file upload_22.csv (CSV, C-alpha atoms)
chain,number,residue,atom,x,y,z
A,1,MET,CA,-31.1,50.5,35.8
A,2,SER,CA,-34.1,52.3,34.3
A,3,SER,CA,-35.0,56.0,34.7
A,4,GLU,CA,-38.0,54.9,36.9
A,5,SER,CA,-35.8,53.0,39.3
A,6,TYR,CA,-33.4,56.0,39.5
A,7,GLU,CA,-36.3,58.2,40.3
A,8,SER,CA,-37.2,55.9,43.2
A,9,VAL,CA,-33.7,56.1,44.8
A,10,ASP,CA,-33.9,58.0,48.1
A,11,PHE,CA,-31.2,60.0,49.9
A,12,TRP,CA,-30.0,57.1,52.0
A,13,LYS,CA,-29.9,54.5,49.2
A,14,LEU,CA,-27.7,57.0,47.3
A,15,ALA,CA,-25.4,57.6,50.2
A,16,LEU,CA,-24.9,53.8,50.8
A,17,ARG,CA,-24.4,53.2,47.1
A,18,ILE,CA,-21.6,55.8,46.8
A,19,HIS,CA,-20.1,54.4,50.0
A,20,GLU,CA,-20.0,50.9,48.5
A,21,LEU,CA,-18.5,52.1,45.2
A,22,LYS,CA,-15.6,53.9,47.0
A,23,GLU,CA,-14.0,55.3,43.9
A,24,ILE,CA,-10.9,57.4,44.4
A,25,GLY,CA,-10.4,60.9,43.0
A,26,SER,CA,-10.5,61.4,39.3
A,27,GLN,CA,-11.8,57.9,38.8
A,28,GLU,CA,-15.4,58.3,40.1
A,29,PHE,CA,-17.0,57.2,36.9
A,30,GLU,CA,-19.8,55.0,38.3
A,31,SER,CA,-20.5,57.4,41.2
A,32,SER,CA,-20.8,60.3,38.8
A,33,LYS,CA,-23.1,58.4,36.5
A,34,PHE,CA,-25.3,57.4,39.4
A,35,LEU,CA,-25.7,61.0,40.6
A,36,LYS,CA,-26.4,62.3,37.1
A,37,GLU,CA,-29.1,59.7,36.4
A,38,ILE,CA,-30.9,60.5,39.6
A,39,LEU,CA,-30.9,64.2,38.7
A,40,LYS,CA,-32.0,63.5,35.2
A,41,SER,CA,-34.9,61.5,36.5
A,42,HIS,CA,-36.0,64.6,38.5
A,43,GLY,CA,-36.0,66.9,35.5
A,44,PHE,CA,-32.4,68.3,35.7
A,45,ARG,CA,-30.6,69.1,32.5
A,46,VAL,CA,-27.1,67.5,32.8
A,47,THR,CA,-23.8,68.6,31.1
A,48,ASP,CA,-21.2,65.8,31.2
A,49,ASN,CA,-17.5,66.2,31.3
A,50,PHE,CA,-17.9,69.6,32.7
A,51,MET,CA,-15.0,72.0,32.0
A,52,GLY,CA,-13.0,69.1,30.6
A,53,VAL,CA,-13.0,67.1,33.8
A,54,PRO,CA,-14.1,63.5,32.9
A,55,THR,CA,-16.1,62.8,36.1
A,56,ALA,CA,-17.4,66.3,36.7
A,57,PHE,CA,-20.9,67.5,35.7
A,58,LYS,CA,-23.3,70.3,35.9
A,59,ALA,CA,-27.0,69.7,36.4
A,60,GLU,CA,-29.6,72.5,36.4
A,61,LYS,CA,-33.3,73.0,36.7
A,62,VAL,CA,-35.1,76.3,36.1
A,63,VAL,CA,-38.1,77.2,38.1
A,64,GLY,CA,-40.4,80.1,37.3
A,65,LYS,CA,-38.4,83.2,36.2
A,66,GLY,CA,-35.0,81.4,36.8
A,67,LYS,CA,-33.5,83.9,39.2
A,68,PRO,CA,-31.7,83.9,41.5
A,69,VAL,CA,-29.3,81.0,41.0
A,70,VAL,CA,-28.4,78.7,43.8
A,71,ALA,CA,-25.8,75.9,43.4
A,72,PHE,CA,-25.1,72.8,45.5
A,73,LEU,CA,-21.7,71.1,45.4
A,74,ALA,CA,-21.4,67.3,45.3
A,75,GLU,CA,-18.2,65.4,46.2
A,76,TYR,CA,-18.0,61.7,45.7
A,77,ASP,CA,-14.4,60.6,45.8
A,78,ALA,CA,-13.1,58.1,48.4
A,79,LEU,CA,-9.8,57.9,50.1
A,80,PRO,CA,-7.3,55.5,48.6
A,81,GLY,CA,-7.1,52.3,50.6
A,82,ILE,CA,-9.8,53.0,53.1
A,83,GLY,CA,-12.8,54.3,51.2
A,84,HIS,CA,-15.3,56.9,52.3
A,85,ALA,CA,-13.7,57.7,55.7
A,86,CYS,CA,-14.2,61.4,55.0
A,87,GLY,CA,-17.9,60.9,54.3
A,88,HIS,CA,-18.1,62.2,50.8
A,89,ASN,CA,-20.8,59.7,50.1
A,90,LEU,CA,-23.0,61.9,52.4
A,91,ILE,CA,-21.9,65.1,50.7
A,92,ALA,CA,-23.0,63.6,47.3
A,93,SER,CA,-26.4,62.7,48.6
A,94,SER,CA,-26.8,66.0,50.5
A,95,ALA,CA,-26.1,68.0,47.3
A,96,VAL,CA,-28.4,66.0,45.1
A,97,PHE,CA,-31.4,65.7,47.4
A,98,SER,CA,-31.1,69.3,48.7
A,99,ALA,CA,-31.3,70.4,45.1
A,100,ILE,CA,-34.2,68.2,44.3
A,101,ARG,CA,-36.1,69.4,47.4
A,102,ALA,CA,-35.2,73.0,46.7
A,103,THR,CA,-36.9,72.8,43.2
A,104,GLU,CA,-40.0,71.6,44.9
A,105,LYS,CA,-40.1,74.5,47.4
A,106,ILE,CA,-39.1,77.6,45.4
A,107,SER,CA,-41.4,79.5,43.0
A,108,ASN,CA,-38.6,81.3,41.1
A,109,GLY,CA,-34.9,80.4,40.6
A,110,THR,CA,-32.4,78.1,39.0
A,111,ILE,CA,-31.0,75.2,41.0
A,112,ILE,CA,-27.7,73.7,40.0
A,113,VAL,CA,-25.7,70.8,41.2
A,114,PHE,CA,-22.0,70.8,40.3
A,115,GLY,CA,-20.4,67.4,40.5
A,116,THR,CA,-16.9,68.3,41.8
A,117,PRO,CA,-14.4,65.3,41.7
A,118,ASP,CA,-11.2,64.6,43.6
A,119,GLU,CA,-11.4,66.9,46.7
A,120,GLU,CA,-8.9,64.6,48.4
A,121,GLY,CA,-6.2,65.1,45.8
A,122,SER,CA,-5.7,61.6,44.6
A,123,GLY,CA,-5.5,62.0,40.8
A,124,GLU,CA,-5.2,64.1,37.8
A,125,TRP,CA,-8.2,66.4,38.5
A,126,ALA,CA,-7.4,67.1,42.2
A,127,GLY,CA,-9.1,70.1,43.5
A,128,SER,CA,-11.6,70.3,40.7
A,129,LYS,CA,-13.6,73.1,42.4
A,130,ILE,CA,-10.5,75.3,41.9
A,131,ILE,CA,-10.4,74.5,38.2
A,132,MET,CA,-14.1,75.4,38.0
A,133,ALA,CA,-13.6,78.6,40.0
A,134,ASN,CA,-10.6,79.7,38.0
A,135,ASN,CA,-12.5,79.1,34.7
A,136,GLY,CA,-15.7,81.0,35.6
A,137,ALA,CA,-18.1,78.2,36.5
A,138,PHE,CA,-19.6,80.3,39.2
A,139,ARG,CA,-19.7,83.6,37.4
A,140,ASP,CA,-23.5,83.6,37.0
A,141,VAL,CA,-24.2,81.8,40.4
A,142,ASP,CA,-25.5,83.9,43.2
A,143,LEU,CA,-25.1,81.5,46.1
A,144,VAL,CA,-23.2,78.2,46.7
A,145,LEU,CA,-24.1,75.7,49.4
A,146,GLY,CA,-22.3,72.6,50.5
A,147,SER,CA,-21.9,70.3,53.5
A,148,HIS,CA,-19.3,68.2,55.2
A,149,PRO,CA,-19.8,65.5,57.8
A,150,GLY,CA,-17.7,65.5,61.0
A,151,ASP,CA,-17.9,65.1,64.8
A,152,LYS,CA,-19.8,68.3,65.4
A,153,TRP,CA,-22.2,70.8,63.8
A,154,ASN,CA,-20.9,74.1,62.6
A,155,VAL,CA,-21.7,77.0,60.2
A,156,GLY,CA,-18.3,78.2,59.1
A,157,ASN,CA,-15.2,76.3,59.8
A,158,GLN,CA,-12.1,78.2,58.8
A,159,SER,CA,-9.5,76.5,56.5
A,160,LEU,CA,-5.9,76.8,55.6
A,161,ALA,CA,-4.2,77.7,52.3
A,162,VAL,CA,-2.2,74.7,51.1
A,163,GLN,CA,0.1,73.8,48.3
A,164,ASP,CA,1.8,70.5,47.8
A,165,PHE,CA,5.2,70.0,46.2
A,166,GLU,CA,7.3,67.1,44.9
A,167,ILE,CA,11.1,67.7,45.1
A,168,THR,CA,13.5,65.4,43.2
A,169,PHE,CA,17.2,65.5,44.0
A,170,ASN,CA,19.6,64.0,41.5
A,171,GLY,CA,23.2,63.0,42.5
A,172,LYS,CA,25.8,60.7,41.2
A,173,ALA,CA,26.0,56.9,42.0
A,174,ALA,CA,29.2,55.3,43.2
A,175,HIS,CA,30.3,52.3,45.2
A,176,GLU,CA,30.1,53.3,48.8
A,177,ALA,CA,33.3,51.4,49.9
A,178,ALA,CA,35.5,51.4,46.8
A,179,ASN,CA,35.1,55.0,45.6
A,180,PRO,CA,32.7,57.0,47.8
A,181,ASP,CA,34.5,60.2,46.8
A,182,LYS,CA,33.0,59.9,43.3
A,183,GLY,CA,29.5,59.8,44.6
A,184,ARG,CA,27.1,62.7,45.4
A,185,SER,CA,24.2,61.6,47.5
A,186,ALA,CA,20.6,62.7,46.6
A,187,LEU,CA,19.5,61.1,49.9
A,188,ASP,CA,21.9,63.4,51.8
A,189,ALA,CA,20.3,66.4,50.0
A,190,SER,CA,16.8,65.2,51.0
A,191,ILE,CA,17.8,64.5,54.7
A,192,LEU,CA,19.5,68.0,54.9
A,193,THR,CA,16.3,69.5,53.5
A,194,TYR,CA,14.1,67.6,56.0
A,195,THR,CA,16.4,68.8,58.8
A,196,ALA,CA,16.5,72.4,57.6
A,197,VAL,CA,12.7,72.5,57.4
A,198,ASN,CA,12.4,71.4,61.0
A,199,MET,CA,14.8,74.2,62.0
A,200,MET,CA,12.6,76.7,60.0
A,201,ARG,CA,9.5,75.8,62.1
A,202,GLN,CA,10.9,77.9,65.1
A,203,HIS,CA,11.2,81.0,63.0
A,204,VAL,CA,7.7,81.5,61.6
A,205,ARG,CA,4.7,83.7,62.6
A,206,ARG,CA,2.7,82.0,65.3
A,207,ASP,CA,-0.5,83.8,64.3
A,208,ALA,CA,-0.4,82.5,60.7
A,209,ASN,CA,-1.3,78.9,61.6
A,210,PHE,CA,1.8,77.5,59.8
A,211,VAL,CA,1.8,73.8,59.2
A,212,MET,CA,4.4,71.9,57.1
A,213,HIS,CA,4.4,68.2,56.6
A,214,GLY,CA,6.6,66.0,54.4
A,215,ILE,CA,8.0,62.6,53.6
A,216,ILE,CA,11.0,61.2,51.9
A,217,LYS,CA,9.2,59.2,49.2
A,218,GLU,CA,12.3,57.7,47.6
A,219,GLY,CA,15.8,57.5,49.0
A,220,GLY,CA,17.9,54.9,47.2
A,221,ALA,CA,17.8,51.2,46.3
A,222,ALA,CA,20.9,49.6,47.9
A,223,SER,CA,23.0,50.6,50.9
A,224,ASN,CA,26.3,50.1,49.1
A,225,VAL,CA,25.3,52.4,46.2
A,226,THR,CA,25.3,56.2,46.6
A,227,PRO,CA,21.7,57.2,46.0
A,228,GLU,CA,21.5,59.1,42.8
A,229,ARG,CA,17.8,60.0,43.1
A,230,ALA,CA,15.7,61.0,46.1
A,231,VAL,CA,12.2,62.4,46.2
A,232,LEU,CA,10.4,64.4,48.9
A,233,VAL,CA,6.8,65.4,49.1
A,234,TYR,CA,5.8,68.4,51.2
A,235,GLY,CA,2.7,70.3,52.0
A,236,ILE,CA,2.8,73.9,53.2
A,237,ARG,CA,-0.2,75.5,54.9
A,238,SER,CA,-1.1,78.8,56.4
A,239,SER,CA,-4.2,80.9,57.1
A,240,ASP,CA,-2.5,83.9,55.6
A,241,VAL,CA,-2.2,83.7,51.8
A,242,LYS,CA,0.4,86.4,51.4
A,243,TYR,CA,2.5,84.9,54.2
A,244,HIS,CA,2.0,81.5,52.6
A,245,ALA,CA,3.8,82.8,49.5
A,246,GLU,CA,6.7,83.9,51.7
A,247,LEU,CA,6.9,80.5,53.3
A,248,VAL,CA,7.1,78.8,49.9
A,249,GLU,CA,9.9,81.2,48.9
A,250,ARG,CA,11.9,80.3,52.1
A,251,PHE,CA,11.3,76.6,51.4
A,252,MET,CA,12.7,77.0,47.8
A,253,LYS,CA,15.8,78.6,49.3
A,254,ILE,CA,16.3,75.7,51.6
A,255,ILE,CA,16.1,73.2,48.7
A,256,ASP,CA,18.5,75.3,46.7
A,257,GLY,CA,20.9,75.6,49.6
A,258,CYS,CA,20.8,71.9,50.4
A,259,ALA,CA,21.5,71.0,46.7
A,260,LYS,CA,24.5,73.3,46.7
A,261,ALA,CA,25.8,71.9,49.9
A,262,THR,CA,25.6,68.3,48.6
A,263,GLU,CA,26.6,69.1,45.0
A,264,THR,CA,23.4,67.7,43.6
A,265,THR,CA,20.8,69.1,41.3
A,266,TYR,CA,17.0,69.3,41.8
A,267,SER,CA,13.6,69.9,40.3
A,268,VAL,CA,10.4,71.0,41.9
A,269,LYS,CA,6.9,70.2,40.8
A,270,LYS,CA,3.7,71.5,42.2
A,271,ILE,CA,1.1,68.8,43.1
A,272,GLY,CA,-2.4,70.0,42.4
A,273,GLN,CA,-3.8,73.4,42.9
A,274,LEU,CA,-3.3,76.1,45.5
A,275,PHE,CA,-6.1,75.8,48.0
A,276,LEU,CA,-7.1,79.2,49.5
A,277,PRO,CA,-8.5,79.9,53.0
A,278,THR,CA,-12.3,80.0,53.3
A,279,LYS,CA,-14.1,83.3,53.1
A,280,ILE,CA,-16.8,83.3,55.8
A,281,ASN,CA,-20.1,85.1,55.2
A,282,PRO,CA,-21.7,86.0,58.6
A,283,THR,CA,-25.2,86.8,57.4
A,284,LEU,CA,-25.3,83.4,55.6
A,285,SER,CA,-23.8,81.5,58.5
A,286,ASN,CA,-26.1,83.0,61.1
A,287,LYS,CA,-29.2,82.2,59.1
A,288,VAL,CA,-28.2,78.6,58.6
A,289,ARG,CA,-27.5,78.3,62.3
A,290,GLU,CA,-31.0,79.5,63.0
A,291,LEU,CA,-32.4,76.8,60.8
A,292,ILE,CA,-30.3,74.2,62.5
A,293,MET,CA,-31.2,75.4,66.0
A,294,ALA,CA,-34.9,75.4,65.1
A,295,ARG,CA,-34.6,71.7,64.6
A,296,GLY,CA,-33.4,71.2,68.2
A,297,ILE,CA,-29.8,70.8,67.3
A,298,ASP,CA,-27.1,72.6,69.2
A,299,CYS,CA,-24.8,74.5,66.8
A,300,PRO,CA,-22.1,76.8,68.1
A,301,PRO,CA,-22.2,80.5,67.2
A,302,LEU,CA,-19.8,81.7,64.5
A,303,GLU,CA,-17.7,83.5,67.1
A,304,GLU,CA,-17.0,80.3,68.8
A,305,THR,CA,-16.1,78.5,65.6
A,306,PHE,CA,-13.8,81.4,64.7
A,307,SER,CA,-11.9,81.0,68.0
A,308,LYS,CA,-10.7,77.6,67.0
A,309,ILE,CA,-7.5,76.9,65.1
A,310,PRO,CA,-8.1,75.9,61.4
A,311,GLU,CA,-7.4,72.2,61.1
A,312,GLY,CA,-7.5,71.4,57.3
A,313,SER,CA,-7.9,72.6,53.8
A,314,THR,CA,-10.5,72.3,51.1
A,315,ASP,CA,-11.1,73.3,47.5
A,316,PHE,CA,-14.5,74.6,48.6
A,317,ALA,CA,-12.6,77.6,50.0
A,318,ASN,CA,-11.6,78.7,46.5
A,319,VAL,CA,-15.3,78.8,45.6
A,320,SER,CA,-16.0,81.0,48.6
A,321,GLN,CA,-13.5,83.6,47.3
A,322,VAL,CA,-15.5,84.1,44.1
A,323,VAL,CA,-19.1,83.8,45.2
A,324,PRO,CA,-20.9,83.8,48.6
A,325,ALA,CA,-20.7,80.3,49.8
A,326,LEU,CA,-21.1,78.1,52.9
A,327,GLU,CA,-20.0,74.6,53.7
A,328,VAL,CA,-22.1,73.4,56.7
A,329,GLY,CA,-20.6,70.9,59.1
A,330,PHE,CA,-23.0,68.2,60.3
A,331,GLN,CA,-22.4,65.6,63.0
A,332,ILE,CA,-22.3,61.9,62.3
A,333,ALA,CA,-19.9,60.7,65.0
A,334,PRO,CA,-19.1,61.4,68.6
A,335,PRO,CA,-16.9,64.5,69.4
A,336,GLY,CA,-13.2,63.6,69.1
A,337,THR,CA,-13.6,60.9,66.5
A,338,PRO,CA,-10.5,60.9,64.3
A,339,TRP,CA,-11.3,61.6,60.6
A,340,HIS,CA,-10.0,59.5,57.7
A,341,SER,CA,-10.1,56.6,60.1
A,342,ARG,CA,-11.9,53.2,60.3
A,343,GLU,CA,-14.2,54.9,62.9
A,344,SER,CA,-15.2,57.7,60.4
A,345,LEU,CA,-15.6,55.1,57.6
A,346,GLU,CA,-18.2,53.2,59.7
A,347,ALA,CA,-19.8,56.5,60.8
A,348,ALA,CA,-20.4,57.5,57.2
A,349,LYS,CA,-22.9,54.6,56.8
A,350,SER,CA,-24.4,54.6,60.3
A,351,GLU,CA,-28.0,55.3,61.5
A,352,ARG,CA,-26.7,58.5,63.0
A,353,ALA,CA,-25.4,59.6,59.6
A,354,LYS,CA,-28.8,58.8,58.1
A,355,THR,CA,-30.6,61.1,60.6
A,356,ALA,CA,-28.1,63.9,60.2
A,357,LEU,CA,-28.2,63.7,56.4
A,358,ALA,CA,-32.0,64.0,56.4
A,359,THR,CA,-31.6,67.1,58.5
A,360,ILE,CA,-28.9,68.8,56.5
A,361,ILE,CA,-30.9,68.2,53.3
A,362,GLU,CA,-33.8,70.1,54.9
A,363,VAL,CA,-31.5,72.9,56.2
A,364,LEU,CA,-29.8,73.5,52.8
A,365,SER,CA,-32.9,73.4,50.7
A,366,ASP,CA,-34.7,75.7,53.2
A,367,THR,CA,-31.7,78.1,52.9
A,368,ALA,CA,-32.1,78.1,49.2
A,369,LYS,CA,-35.8,78.9,49.5
A,370,GLU,CA,-35.1,81.7,52.0
A,371,TYR,CA,-32.5,83.1,49.6
A,372,THR,CA,-34.9,83.2,46.6
A,373,GLU,CA,-37.7,84.8,48.6
A,374,ASN,CA,-36.0,87.1,51.1
A,375,LYS,CA,-34.5,90.2,49.4
A,376,GLY,CA,-33.1,91.5,52.7
A,377,PHE,CA,-31.3,88.2,53.3
A,378,ARG,CA,-29.8,88.3,49.8
A,379,GLU,CA,-28.7,91.9,50.3
A,380,GLY,CA,-27.0,91.1,53.7
A,381,ILE,CA,-25.1,88.2,52.1
A,382,THR,CA,-24.0,90.5,49.3
A,383,ARG,CA,-22.8,93.2,51.8
A,384,ASP,CA,-20.8,90.6,53.7
A,385,PHE,CA,-19.1,89.3,50.6
A,386,ARG,CA,-17.7,92.6,49.4

call {"tool": "encode", "arguments": {"input": "upload_22.csv", "output": "C-alpha cells"}}
result
Amino acid sequence: MSSESYESVDFWKLALRIHELKEIGSQEFESSKFLKEILKSHGFRVTDNFMGVPTAFKAEKVVGKGKPVVAFLAEYDALPGIGHACGHNLIASSAVFSAIRATEKISNGTIIVFGTPDEEGSGEWAGSKIIMANNGAFRDVDLVLGSHPGDKWNVGNQSLAVQDFEITFNGKAAHEAANPDKGRSALDASILTYTAVNMMRQHVRRDANFVMHGIIKEGGAASNVTPERAVLVYGIRSSDVKYHAELVERFMKIIDGCAKATETTYSVKKIGQLFLPTKINPTLSNKVRELIMARGIDCPPLEETFSKIPEGSTDFANVSQVVPALEVGFQIAPPGTPWHSRESLEAAKSERAKTALATIIEVLSDTAKEYTENKGFREGITRDFR
C-alpha cells in the first residue's frame, strides 16, 4: 500500500481493518504497522519498537511553539479466540484520527499518539501502558486522552487494582491403589487453596470492592496416579491499593498453609503488571461531558458514575496516576450488552459504532484544542491532579 493510499484511509476503514486483522496482544504487528503508516502519511514522526515493546510506537507532530503536549492512546489487540469483542479496533481509530484532527485545529502544541499493545494481557508485553508509565514515557506529556466503547457514555469510570498470579504445586507421584501412602497430591493442595479462598471471601472489607477469581489450570493426567503437579491461576482485585497488598499477603499465607497441610511444595509467579485504580480528574471529566452533551448525547454526571461499583481493570489507570488523563466511554451497543461477547464483537463493526466513533473523535480532538487554548482549563486540571 502506497503512502497516498494510507493518507486516503478514513476513520471507519481503519476501524474495520483492525477488526478484520484481530491480532492478539503482543502480536499486533500488522495492526501496528497500519496505524503507523497512516500517521506518517499525515506528517507524524514515528518511533518504532517504543520502549523495547515490538508492537508499540510513538508518533508525534509539532504545531507552532510545540506546547502544551497532548497524547492519545491507541489500543489494537484482540481477544484470543473471539477477536475484537472489546472494541479495541475503535480505540485505535479514535486515537489516530483524534490526533490527526487535533493537529488541524490547534495553533500551538505537540500531539502524540502512543501505540499501546496488549491491554487484554494475552502475551509477553501485557499492560504495556504500565511499562511506559513506569519508564517515564509520559514525563513530558501534559494531558492524556483515550476512549473505550461500551453500552453507555461516561466521562470517568472507576477501575480496580488487579494482579494475576500463577501458583504451581509440586507433590509426589504414586500408584493410587498399590501405594497411595507414598504419594503427595498437588491437586489436593490446589483444591484446598481453592476452598480456603472461598472461605476468605466472607472476611474482607465490603467497601474495598474485593474480587477474586481463579481456575485450576492443571490437575493431573491419570486418575490412578497421584498428581505430582497442579497449577492455579488467580486474579485479585480491589479499589484500594493498600488493602490490595494486604489481600495478596493473605492469599500467600493460604498457599503456604495448604502446601504444608498436603506436604507439597509450591512456587508463585506474577502474571503481568500490577494494574492500579483510575485517578479521576473532575475538571477534565466535566468539560468532556459538556462537549458530549452539546452534541445531543445524554451522558451521566460524574457523581452518578462514581456511585456505581467498579467493574473492571485497565492499564490506562496507571497512566492516570502519573499524568492528568481521561478514558471516555462511548456507546456502541444497547445498555446491558455483555462485553467480550459475540454481541459486542458485532457491535464493534456496526453502523451505531461508526456514528459513535465519529462523535468521540470530534470530542477528544476538541478537548485537546480547548486544553491548548484555555489557560484556566489547564490550571483546573492541574489543581485536580495534585

call {"tool": "closest_residue", "arguments": {"input": "upload_22.csv", "among": "A:Ala99, A:Met51, A:Val9, A:Leu357", "to": "A:Ile131", "atoms": "all atoms listed in the file"}}
result
A:Met51

call {"tool": "closest_atom_pairs", "arguments": {"input": "upload_22.csv", "of": "stretch 264-296 of chain A", "to": "stretch 366-386 of chain A", "cutoff": "9 Å", "atoms": "all atoms listed in the file", "output": "Markdown table"}}
result
| residue | atom | partner | partner_atom | distance |
| --- | --- | --- | --- | --- |
| A:Lys279 | CA | A:Phe385 | CA | 8.2 |
| A:Ile280 | CA | A:Phe385 | CA | 8.3 |
| A:Asn281 | CA | A:Asp384 | CA | 5.7 |
| A:Pro282 | CA | A:Asp384 | CA | 6.8 |
| A:Thr283 | CA | A:Ile381 | CA | 5.5 |
| A:Leu284 | CA | A:Ile381 | CA | 5.9 |
| A:Lys287 | CA | A:Thr367 | CA | 7.8 |
| A:Val288 | CA | A:Thr367 | CA | 6.7 |
| A:Leu291 | CA | A:Asp366 | CA | 8.0 |

call {"tool": "atom_distance", "arguments": {"input": "upload_22.csv", "atom1": "atom CA of A:Cys299", "atom2": "atom CA of A:Arg237"}}
result
27.3 Å

call {"tool": "closest_residue", "arguments": {"input": "upload_22.csv", "among": "A:Gly115, A:Leu274, A:Lys105, A:Ile82", "to": "A:Asp48", "atoms": "only C-alpha atoms"}}
result
A:Gly115

call {"tool": "residues_around", "arguments": {"input": "upload_22.csv", "residues": "A:Ala59", "least_positions_apart": "5", "cutoff": "7 Å", "atoms": "all atoms listed in the file", "output": "MDAnalysis selection string"}}
result
chainID A and resid 44:47 112:114

call {"tool": "atom_distance", "arguments": {"input": "upload_22.csv", "atom1": "atom CA of A:Met200", "atom2": "atom CA of A:Gly235"}}
result
14.2 Å

call {"tool": "closest_atom_pairs", "arguments": {"input": "upload_22.csv", "of": "stretch 236-287 of chain A", "to": "stretch 315-322 of chain A", "cutoff": "7 Å", "atoms": "all atoms listed in the file", "output": "CSV"}}
result
residue,atom,partner,partner_atom,distance
A:Phe275,CA,A:Asp315,CA,5.6
A:Leu276,CA,A:Asn318,CA,5.4
A:Pro277,CA,A:Ala317,CA,5.6
A:Thr278,CA,A:Ala317,CA,4.1
A:Lys279,CA,A:Ser320,CA,5.4

call {"tool": "closest_residue", "arguments": {"input": "upload_22.csv", "among": "A:Ala56, A:Ala161, A:Val204, A:Ala261", "to": "A:Ala189", "atoms": "all atoms listed in the file"}}
result
A:Ala261

call {"tool": "atom_distance", "arguments": {"input": "upload_22.csv", "atom1": "atom CA of A:His88", "atom2": "atom CA of A:Trp12"}}
result
13.0 Å

call {"tool": "closest_residue", "arguments": {"input": "upload_22.csv", "among": "A:Glu290, A:Glu311, A:Glu327, A:Glu20", "to": "A:Gly83", "atoms": "all atoms listed in the file"}}
result
A:Glu20

call {"tool": "closest_residue", "arguments": {"input": "upload_22.csv", "among": "A:Gly127, A:Gly220, A:Leu143, A:Gly312", "to": "A:Pro324", "atoms": "all atoms listed in the file"}}
result
A:Leu143

call {"tool": "residues_around", "arguments": {"input": "upload_22.csv", "residues": "stretch 351-356 of chain A", "least_positions_apart": "2", "cutoff": "8 Å", "atoms": "only C-alpha atoms", "output": "PyMOL selection string"}}
result
chain A and resi 12+90+330-333+347-349+358-360

call {"tool": "closest_residue", "arguments": {"input": "upload_22.csv", "among": "A:Ile271, A:Leu345, A:Val62, A:Leu232", "to": "A:Asp164", "atoms": "all atoms listed in the file"}}
result
A:Ile271

call {"tool": "residues_around", "arguments": {"input": "upload_22.csv", "residues": "A:Phe11", "least_positions_apart": "2", "cutoff": "7 Å", "atoms": "only C-alpha atoms", "output": "list in words"}}
result
Val9, Lys13, Leu14, Ala15, Ser93 and Phe97 of chain A
